[in-house]
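Shown below: coords_22.cif, with mmCIF, C-alpha atoms and all ligand atoms.
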```
data_entry
loop_
_atom_site.label_atom_id
_atom_site.label_comp_id
_atom_site.auth_asym_id
_atom_site.auth_seq_id
_atom_site.Cartn_x
_atom_site.Cartn_y
_atom_site.Cartn_z
CA MET Y 1 -4.09 0.29 19.36
CA PHE Y 2 -1.31 -0.72 17.03
CA LYS Y 3 -1.48 -0.77 13.26
CA THR Y 4 -1.80 -4.33 11.96
CA SER Y 5 -0.22 -6.09 9.01
CA MET Y 6 0.12 -9.59 7.55
CA ALA Y 7 3.04 -10.95 5.54
CA ILE Y 8 2.40 -12.11 1.98
CA SER Y 9 4.55 -13.06 -1.00
CA PRO Y 10 3.79 -12.63 -4.70
CA THR Y 11 6.00 -15.62 -5.48
CA PRO Y 12 5.68 -19.19 -4.19
CA THR Y 13 8.32 -19.96 -1.56
CA PRO Y 14 9.57 -23.13 0.04
CA PHE Y 15 8.26 -23.70 3.60
CA ALA Y 16 8.16 -20.17 5.01
CA PRO Y 17 6.12 -18.05 7.43
CA LEU Y 18 4.13 -16.33 4.68
CA LEU Y 19 0.44 -16.35 3.87
CA PHE Y 20 -0.94 -16.98 0.39
CA ALA Y 21 2.58 -17.34 -1.06
CA GLY Y 22 2.32 -17.23 -4.85
CA ASP Y 23 -1.27 -15.94 -4.74
CA TRP Y 24 -1.02 -12.26 -3.87
CA ARG Y 25 -4.53 -11.51 -5.17
CA ARG Y 26 -6.09 -13.73 -2.52
CA GLY Y 27 -3.58 -12.48 0.05
CA LEU Y 28 -4.42 -8.84 -0.57
CA ALA Y 29 -8.16 -9.54 -0.81
CA THR Y 30 -8.04 -11.34 2.54
CA ALA Y 31 -6.06 -8.52 4.19
CA ILE Y 32 -8.68 -6.03 2.95
CA GLU Y 33 -11.60 -8.24 4.01
CA LEU Y 34 -10.20 -8.80 7.51
CA GLU Y 35 -9.38 -5.09 7.79
CA PHE Y 36 -5.68 -5.28 8.35
CA ASP Y 37 -4.09 -1.84 7.97
CA GLY Y 38 -1.25 -3.05 5.80
CA VAL Y 39 0.70 -5.92 4.30
CA GLU Y 40 4.31 -6.91 4.56
CA VAL Y 41 5.53 -7.94 1.14
CA SER Y 42 8.27 -10.52 0.78
CA ILE Y 43 10.02 -9.88 -2.53
CA ARG Y 44 12.31 -12.21 -4.44
CA ASP Y 45 13.21 -10.42 -7.70
CA PRO Y 46 11.81 -6.86 -7.69
CA HIS Y 47 12.09 -6.76 -11.49
CA ASP Y 48 9.38 -9.45 -11.85
CA GLN Y 49 6.21 -8.13 -13.45
CA VAL Y 50 4.21 -9.67 -10.60
CA VAL Y 51 5.86 -7.26 -8.16
CA GLU Y 52 4.82 -4.28 -10.29
CA ASP Y 53 1.26 -5.67 -10.50
CA LEU Y 54 1.14 -6.11 -6.73
CA LYS Y 55 2.41 -2.58 -6.14
CA GLY Y 56 -0.37 -1.11 -8.28
CA ALA Y 57 -2.99 -3.25 -6.57
CA ILE Y 58 -1.86 -2.19 -3.08
CA GLN Y 59 -1.84 1.46 -4.13
CA SER Y 60 -5.47 1.26 -5.21
CA SER Y 61 -6.52 -0.89 -2.22
CA GLY Y 62 -6.38 1.68 0.57
CA LEU Y 63 -3.97 -0.55 2.45
CA VAL Y 64 -0.33 0.35 2.92
CA VAL Y 65 2.90 -1.60 2.78
CA SER Y 66 4.06 -1.94 6.40
CA THR Y 67 7.45 -3.46 5.69
CA VAL Y 68 9.30 -5.23 2.89
CA ALA Y 69 11.13 -8.53 3.39
CA THR Y 70 14.15 -9.51 1.32
CA GLY Y 71 15.21 -13.00 2.48
CA GLN Y 72 14.16 -14.79 -0.69
CA SER Y 73 17.21 -13.41 -2.54
CA TYR Y 74 19.36 -15.52 -0.27
CA TYR Y 75 17.08 -18.50 0.37
CA SER Y 76 16.03 -18.95 -3.27
CA ASP Y 77 18.93 -17.40 -5.20
CA GLY Y 78 21.95 -17.55 -2.90
CA LEU Y 79 22.54 -13.78 -3.01
CA SER Y 80 24.05 -12.48 0.22
CA PRO Y 81 26.27 -9.52 1.18
CA THR Y 82 28.71 -11.95 2.83
CA SER Y 83 29.76 -13.07 -0.66
CA PHE Y 84 33.28 -12.32 -1.92
CA ASP Y 85 31.96 -12.50 -5.50
CA PRO Y 86 31.55 -8.96 -6.92
CA ASN Y 87 28.90 -10.21 -9.37
CA ILE Y 88 26.74 -11.45 -6.52
CA GLN Y 89 27.33 -8.21 -4.61
CA SER Y 90 26.28 -6.06 -7.56
CA LYS Y 91 23.29 -8.22 -8.41
CA LEU Y 92 22.10 -7.96 -4.81
CA LEU Y 93 22.76 -4.21 -4.67
CA ASP Y 94 20.65 -3.78 -7.79
CA ARG Y 95 17.84 -5.82 -6.20
CA MET Y 96 18.02 -3.96 -2.89
CA LYS Y 97 17.82 -0.62 -4.69
CA ALA Y 98 14.75 -1.75 -6.62
CA ILE Y 99 13.19 -3.09 -3.39
CA ILE Y 100 13.83 0.27 -1.71
CA ASP Y 101 12.11 1.93 -4.70
CA PHE Y 102 9.16 -0.43 -4.15
CA ALA Y 103 8.98 0.57 -0.48
CA ALA Y 104 9.37 4.30 -1.14
CA PRO Y 105 5.72 5.39 -1.65
CA TRP Y 106 4.92 4.14 1.87
CA LYS Y 107 8.34 4.84 3.42
CA ALA Y 108 8.11 1.19 4.47
CA PRO Y 109 11.17 -0.17 6.28
CA VAL Y 110 13.13 -2.72 4.24
CA ILE Y 111 14.20 -5.71 6.30
CA ILE Y 112 17.70 -7.13 6.39
CA GLY Y 113 16.82 -10.55 7.71
CA GLY Y 114 17.70 -13.83 6.03
CA VAL Y 115 19.30 -11.97 3.13
CA ARG Y 116 22.42 -11.31 5.20
CA GLY Y 117 23.29 -15.00 4.87
CA LYS Y 118 25.63 -16.94 7.15
CA LEU Y 119 29.24 -16.61 8.22
CA GLU Y 120 31.44 -19.40 6.93
CA GLY Y 121 35.05 -20.50 7.16
CA ASN Y 122 37.74 -19.56 9.67
CA PRO Y 123 37.65 -16.48 11.95
CA ILE Y 124 39.70 -14.35 9.50
CA GLU Y 125 37.35 -15.16 6.62
CA GLN Y 126 34.36 -14.46 8.83
CA LYS Y 127 35.77 -11.07 9.77
CA ALA Y 128 36.06 -10.22 6.08
CA GLN Y 129 32.46 -11.34 5.54
CA ILE Y 130 31.26 -9.09 8.35
CA SER Y 131 33.11 -6.12 6.80
CA ARG Y 132 31.46 -6.80 3.46
CA VAL Y 133 28.05 -6.92 5.13
CA LEU Y 134 28.68 -3.63 6.96
CA GLU Y 135 29.80 -2.00 3.70
CA SER Y 136 26.72 -3.35 1.86
CA ILE Y 137 24.36 -2.11 4.57
CA ARG Y 138 26.01 1.31 4.31
CA MET Y 139 25.33 1.34 0.56
CA TYR Y 140 21.69 0.29 1.05
CA THR Y 141 21.09 2.96 3.71
CA GLU Y 142 22.76 5.66 1.60
CA TYR Y 143 20.55 4.81 -1.36
CA ALA Y 144 17.43 4.65 0.83
CA GLU Y 145 18.04 8.04 2.43
CA ALA Y 146 16.86 9.93 -0.67
CA SER Y 147 13.37 8.41 -0.38
CA SER Y 148 13.25 8.48 3.45
CA VAL Y 149 13.16 4.69 3.60
CA SER Y 150 14.78 2.91 6.55
CA LEU Y 151 16.58 -0.39 6.60
CA ALA Y 152 15.91 -2.68 9.56
CA ILE Y 153 18.04 -5.55 10.79
CA GLU Y 154 16.05 -8.54 11.98
CA PRO Y 155 17.77 -10.77 14.55
CA ILE Y 156 17.19 -14.41 13.57
CA ASN Y 157 17.59 -17.50 15.73
CA ARG Y 158 20.76 -19.62 15.76
CA TYR Y 159 19.20 -22.56 13.91
CA GLU Y 160 18.70 -20.36 10.82
CA THR Y 161 21.85 -18.22 10.89
CA ASN Y 162 25.01 -17.76 12.94
CA PHE Y 163 25.09 -14.02 12.30
CA ILE Y 164 23.08 -11.54 14.45
CA ASN Y 165 20.83 -13.68 16.65
CA THR Y 166 19.89 -11.11 19.29
CA ILE Y 167 18.70 -7.53 19.64
CA SER Y 168 21.95 -6.51 21.30
CA GLU Y 169 23.97 -7.96 18.40
CA ALA Y 170 21.80 -5.99 15.97
CA LEU Y 171 22.39 -2.81 18.01
CA GLU Y 172 26.15 -3.42 17.76
CA ILE Y 173 25.93 -3.64 13.96
CA ILE Y 174 23.80 -0.47 13.85
CA ASN Y 175 26.44 1.27 15.92
CA GLN Y 176 29.19 0.14 13.55
CA VAL Y 177 27.34 1.14 10.39
CA GLY Y 178 26.47 4.54 11.84
CA SER Y 179 23.57 5.38 9.52
CA GLU Y 180 20.61 7.35 10.79
CA ASN Y 181 18.12 5.32 8.77
CA LEU Y 182 19.10 1.91 10.12
CA GLY Y 183 17.00 0.23 12.79
CA ILE Y 184 15.65 -3.10 14.01
CA ILE Y 185 12.75 -5.40 13.23
CA SER Y 186 12.14 -7.71 16.14
CA ASP Y 187 10.47 -11.08 15.75
CA THR Y 188 8.98 -12.72 18.82
CA PHE Y 189 9.49 -16.26 17.41
CA HIS Y 190 13.25 -15.68 17.16
CA MET Y 191 13.36 -13.72 20.42
CA ASN Y 192 11.69 -16.60 22.24
CA ILE Y 193 14.67 -18.80 21.29
CA GLU Y 194 17.47 -16.27 21.80
CA GLU Y 195 16.63 -13.59 24.36
CA VAL Y 196 16.86 -13.85 28.13
CA SER Y 197 13.77 -11.65 28.41
CA LEU Y 198 11.49 -10.75 25.51
CA ALA Y 199 10.19 -7.67 27.29
CA GLU Y 200 13.64 -6.39 28.25
CA SER Y 201 15.12 -6.85 24.78
CA LEU Y 202 12.12 -5.15 23.16
CA ARG Y 203 12.63 -2.26 25.58
CA MET Y 204 16.30 -2.14 24.60
CA ALA Y 205 15.35 -1.96 20.88
CA GLY Y 206 13.15 1.03 21.85
CA PRO Y 207 13.95 3.99 19.60
CA TRP Y 208 15.44 1.76 16.87
CA LEU Y 209 12.33 -0.36 16.50
CA LYS Y 210 10.94 -0.15 12.95
CA GLY Y 211 8.62 -3.13 13.05
CA VAL Y 212 7.56 -6.13 15.09
CA HIS Y 213 6.81 -9.61 13.81
CA PHE Y 214 4.20 -10.75 16.33
CA VAL Y 215 4.29 -14.50 15.91
CA ASP Y 216 3.96 -17.21 18.49
CA ASN Y 217 6.66 -19.60 19.74
CA ASN Y 218 5.49 -22.29 17.27
CA ARG Y 219 5.52 -19.77 14.40
CA LYS Y 220 1.74 -19.86 14.25
CA ALA Y 221 -0.47 -16.79 14.69
CA ALA Y 222 -0.01 -14.86 17.93
CA GLY Y 223 -2.31 -16.44 20.50
CA GLN Y 224 -1.77 -19.98 19.21
CA GLY Y 225 1.21 -20.64 21.48
CA HIS Y 226 2.55 -19.51 24.84
CA ILE Y 227 4.26 -16.13 24.30
CA ASP Y 228 2.85 -13.43 26.59
CA PHE Y 229 1.86 -10.78 24.04
CA HIS Y 230 0.07 -8.68 26.63
CA GLU Y 231 3.37 -8.11 28.38
CA LEU Y 232 4.97 -7.17 25.05
CA THR Y 233 2.25 -4.74 23.97
CA ALA Y 234 2.66 -3.03 27.35
CA VAL Y 235 6.35 -2.53 26.47
CA LEU Y 236 5.43 -1.23 23.00
CA SER Y 237 3.10 1.33 24.60
CA GLU Y 238 5.76 2.28 27.11
CA ILE Y 239 8.29 3.03 24.33
CA SER Y 240 5.60 4.87 22.31
CA TYR Y 241 5.96 2.46 19.42
CA GLN Y 242 4.24 3.83 16.30
CA GLY Y 243 4.88 1.00 13.83
CA PHE Y 244 2.98 -2.13 12.85
CA ILE Y 245 2.44 -5.44 14.59
CA ILE Y 246 2.89 -7.92 11.77
CA ALA Y 247 1.60 -11.48 11.37
CA GLU Y 248 4.56 -13.20 9.73
CA ILE Y 249 3.24 -16.67 10.35
CA LEU Y 250 3.05 -20.17 8.95
CA PRO Y 251 -0.05 -20.80 6.82
CA LEU Y 252 -1.39 -23.31 9.35
CA PRO Y 253 -3.88 -24.88 9.23
CA ASP Y 254 -4.28 -22.76 6.07
CA SER Y 255 -3.53 -19.15 5.10
CA ARG Y 256 -7.04 -17.83 5.60
CA THR Y 257 -7.59 -19.42 9.01
CA ALA Y 258 -4.17 -18.26 10.19
CA ALA Y 259 -4.87 -14.67 9.05
CA LYS Y 260 -8.22 -14.69 10.87
CA GLN Y 261 -6.63 -16.01 14.05
CA ALA Y 262 -3.96 -13.32 13.88
CA ILE Y 263 -6.31 -10.37 13.39
CA ALA Y 264 -8.74 -11.60 16.06
CA PHE Y 265 -5.86 -11.84 18.54
CA PHE Y 266 -4.37 -8.46 17.54
CA ARG Y 267 -7.76 -6.85 18.20
CA SER Y 268 -7.94 -8.49 21.63
CA LEU Y 269 -4.67 -6.91 22.75
MN MN Y 301 10.45 -12.44 11.12
#
```

Starting from the file, give its structure as structure tokens.
Ligand SMILES: [Mn+2]
Amino acid sequence: MFKTSMAISPTPTPFAPLLFAGDWRRGLATAIELEFDGVEVSIRDPHDQVVEDLKGAIQSSGLVVSTVATGQSYYSDGLSPTSFDPNIQSKLLDRMKAIIDFAAPWKAPVIIGGVRGKLEGNPIEQKAQISRVLESIRMYTEYAEASSVSLAIEPINRYETNFINTISEALEIINQVGSENLGIISDTFHMNIEEVSLAESLRMAGPWLKGVHFVDNNRKAAGQGHIDFHELTAVLSEISYQGFIIAEILPLPDSRTAAKQAIAFFRSL
């Protein structure tokens, strides 16, 4: 049986696959009530008091932080390591360090998903953006090493970014960065759009796999669409996956119902 987690956010977000966004007390209470093992926390500004409050509450809850998501810095504040602006780079580095500190007590992997932004301009400019991203990831991983935290690149589908859509593209980046504490978070919603075979690409992620967003093709709870999760859990067993299966799902029809659907399905696997 895999450890289970659901993704919450202490801050309200625009349309996003997060439960109880802006109401972490209800999110955490629901995760405890439904007996999830952990929560994924999506953090915008780690210096917000609400993040400190949430950290304390999780520590006294008996739950753990499975993973930490960082996309809000880009989606809400436009901070991305592709930027040529040193002020943006240093503001983001400061945030990533504080997010790594947040993750440290649980050694929870910190996700490099939406935060990496998008490549823009001509091929020469895009090459420079990729170099800046590689350099930034190196800095994040170096900082995270001291607290045994990993960073994890999440491939995201082409309609949301033009940079790292597949597991094999993420593996290429990992190879170029060359840090021991850099891996992959795979997300079955994105994989369903991008990968030739979900099972094969999950197998390929194998030893680098730090987390799995188990979410259906319609971004609802696993089991509410047509992805074959039984096939995928067989692969996870085969690769001796020790991490969490995480419900990073749309709050449909509402957060509580979606969380209940997710945990019921996870238990059926
Ligand atoms: Mn995801």

Output as a Markdown table one row per residue of chain Y within 7 Å of ligand MN 301 (chain Y): the closest atom pair and its distance in Å to one decimal place, counting only C-alpha atoms and all ligand atoms, sorted by chain and residue number ascending.
```
| residue | atom | partner | partner_atom | distance |
| --- | --- | --- | --- | --- |
| Y:Glu154 | CA | Y:MN301 | MN | 6.9 |
| Y:Asp187 | CA | Y:MN301 | MN | 4.8 |
| Y:His213 | CA | Y:MN301 | MN | 5.3 |
| Y:Glu248 | CA | Y:MN301 | MN | 6.1 |
```

Residues from last step as file, C-alpha atoms, as a compact mmCIF listing (two decimals), keeping the file's coordinate frame:
```txt
# COMPACT_ATOMS: atom_id res chain seq x y z
CA GLU Y 154 16.05 -8.54 11.98
CA ASP Y 187 10.47 -11.08 15.75
CA HIS Y 213 6.81 -9.61 13.81
CA GLU Y 248 4.56 -13.20 9.73
```

| In terms of the shortest atom-to-atom distance over all atoms listed in the file, which of Y:Ser76, Y:Ser237, Y:Ser147, Y:Gln129 is closest to Leu269 (chain Y)? | Y:Ser237

| field | Nearest-residue call for Pro105 (chain Y), choices Y:Gln59, Y:Leu93, Y:Val39, Y:Gly223, using all atoms listed in the file | value |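 Closest to Pro105 (chain Y), using all atoms listed in the file: Y:Gln59.
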
| request: Give the answer as one residue: which of Y:Pro86, Y:Gly117, Y:Pro81, Y:Pro17 has the shortest atom-to-atom distance to Tyr140 (chain Y), using all atoms listed in the file? | output: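 Looking at the shortest contact to Tyr140 (chain Y), the residue is Y:Pro81.
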
| said: Which residues are close to region 42-45 of chain Y, i.e. within 6 Å by all atoms listed in the file, leaving aside same-chain residues fewer than 2 positions away? Reply as a PyMOL selection string. | reply: chain Y and resi 9+47-48+68-70+72-73

| message | So that I can check the surroundings of Leu232 (chain Y), please list as a count of residues only every protein, DNA and RNA residue that reaches within 10 Å of it, counting all atoms listed in the file and ignoring chain neighbours fewer than 4 positions away. | response | 13

Reconstruct region 17-47 of chain Y at the level of N, CA and C atoms, and format the result as a CSV table (one decimal), keeping the file's coordinate frame.
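File written: selection13.csv
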```
chain,number,residue,atom,x,y,z
Y,17,PRO,N,7.2,-18.7,6.7
Y,17,PRO,CA,6.1,-18.0,7.4
Y,17,PRO,C,5.4,-16.9,6.6
Y,18,LEU,N,4.8,-17.3,5.5
Y,18,LEU,CA,4.1,-16.3,4.7
Y,18,LEU,C,2.8,-16.9,4.3
Y,19,LEU,N,1.8,-15.9,4.2
Y,19,LEU,CA,0.4,-16.4,3.9
Y,19,LEU,C,0.2,-16.2,2.4
Y,20,PHE,N,-0.6,-17.1,1.8
Y,20,PHE,CA,-0.9,-17.0,0.4
Y,20,PHE,C,0.3,-16.8,-0.5
Y,21,ALA,N,1.4,-17.5,-0.2
Y,21,ALA,CA,2.6,-17.3,-1.1
Y,21,ALA,C,2.3,-17.8,-2.5
Y,22,GLY,N,2.6,-16.9,-3.5
Y,22,GLY,CA,2.3,-17.2,-4.8
Y,22,GLY,C,0.9,-16.8,-5.3
Y,23,ASP,N,0.1,-16.3,-4.4
Y,23,ASP,CA,-1.3,-15.9,-4.7
Y,23,ASP,C,-1.6,-14.6,-4.1
Y,24,TRP,N,-0.9,-13.6,-4.5
Y,24,TRP,CA,-1.0,-12.3,-3.9
Y,24,TRP,C,-2.4,-11.7,-4.0
Y,25,ARG,N,-3.2,-12.1,-5.0
Y,25,ARG,CA,-4.5,-11.5,-5.2
Y,25,ARG,C,-5.4,-12.0,-4.0
Y,26,ARG,N,-5.3,-13.2,-3.7
Y,26,ARG,CA,-6.1,-13.7,-2.5
Y,26,ARG,C,-5.5,-13.2,-1.2
Y,27,GLY,N,-4.2,-13.0,-1.2
Y,27,GLY,CA,-3.6,-12.5,0.0
Y,27,GLY,C,-4.1,-11.1,0.3
Y,28,LEU,N,-4.0,-10.2,-0.7
Y,28,LEU,CA,-4.4,-8.8,-0.6
Y,28,LEU,C,-5.9,-8.7,-0.3
Y,29,ALA,N,-6.7,-9.5,-1.0
Y,29,ALA,CA,-8.2,-9.5,-0.8
Y,29,ALA,C,-8.5,-9.9,0.6
Y,30,THR,N,-7.8,-10.9,1.2
Y,30,THR,CA,-8.0,-11.3,2.5
Y,30,THR,C,-7.6,-10.3,3.5
Y,31,ALA,N,-6.5,-9.6,3.3
Y,31,ALA,CA,-6.1,-8.5,4.2
Y,31,ALA,C,-7.1,-7.4,4.2
Y,32,ILE,N,-7.7,-7.1,3.0
Y,32,ILE,CA,-8.7,-6.0,3.0
Y,32,ILE,C,-9.9,-6.5,3.7
Y,33,GLU,N,-10.4,-7.7,3.4
Y,33,GLU,CA,-11.6,-8.2,4.0
Y,33,GLU,C,-11.5,-8.3,5.5
Y,34,LEU,N,-10.4,-8.7,6.1
Y,34,LEU,CA,-10.2,-8.8,7.5
Y,34,LEU,C,-9.8,-7.5,8.2
Y,35,GLU,N,-9.7,-6.5,7.3
Y,35,GLU,CA,-9.4,-5.1,7.8
Y,35,GLU,C,-8.0,-5.0,8.5
Y,36,PHE,N,-7.0,-5.6,7.9
Y,36,PHE,CA,-5.7,-5.3,8.4
Y,36,PHE,C,-5.4,-3.9,7.8
Y,37,ASP,N,-4.5,-3.2,8.5
Y,37,ASP,CA,-4.1,-1.8,8.0
Y,37,ASP,C,-3.1,-1.9,6.8
Y,38,GLY,N,-2.3,-3.0,6.8
Y,38,GLY,CA,-1.2,-3.0,5.8
Y,38,GLY,C,-0.8,-4.5,5.5
Y,39,VAL,N,0.1,-4.6,4.6
Y,39,VAL,CA,0.7,-5.9,4.3
Y,39,VAL,C,2.2,-5.8,4.3
Y,40,GLU,N,2.9,-6.8,4.8
Y,40,GLU,CA,4.3,-6.9,4.6
Y,40,GLU,C,4.5,-7.7,3.3
Y,41,VAL,N,5.3,-7.2,2.4
Y,41,VAL,CA,5.5,-7.9,1.1
Y,41,VAL,C,6.9,-8.5,1.1
Y,42,SER,N,7.0,-9.8,0.9
Y,42,SER,CA,8.3,-10.5,0.8
Y,42,SER,C,8.6,-10.6,-0.7
Y,43,ILE,N,9.7,-10.0,-1.1
Y,43,ILE,CA,10.0,-9.9,-2.5
Y,43,ILE,C,11.3,-10.7,-2.9
Y,44,ARG,N,11.1,-11.5,-3.9
Y,44,ARG,CA,12.3,-12.2,-4.4
Y,44,ARG,C,13.0,-11.3,-5.5
Y,45,ASP,N,12.6,-11.3,-6.7
Y,45,ASP,CA,13.2,-10.4,-7.7
Y,45,ASP,C,12.3,-9.2,-8.0
Y,46,PRO,N,12.7,-8.0,-7.5
Y,46,PRO,CA,11.8,-6.9,-7.7
Y,46,PRO,C,11.6,-6.5,-9.1
Y,47,HIS,N,12.3,-7.1,-10.1
Y,47,HIS,CA,12.1,-6.8,-11.5
Y,47,HIS,C,11.0,-7.6,-12.1
```
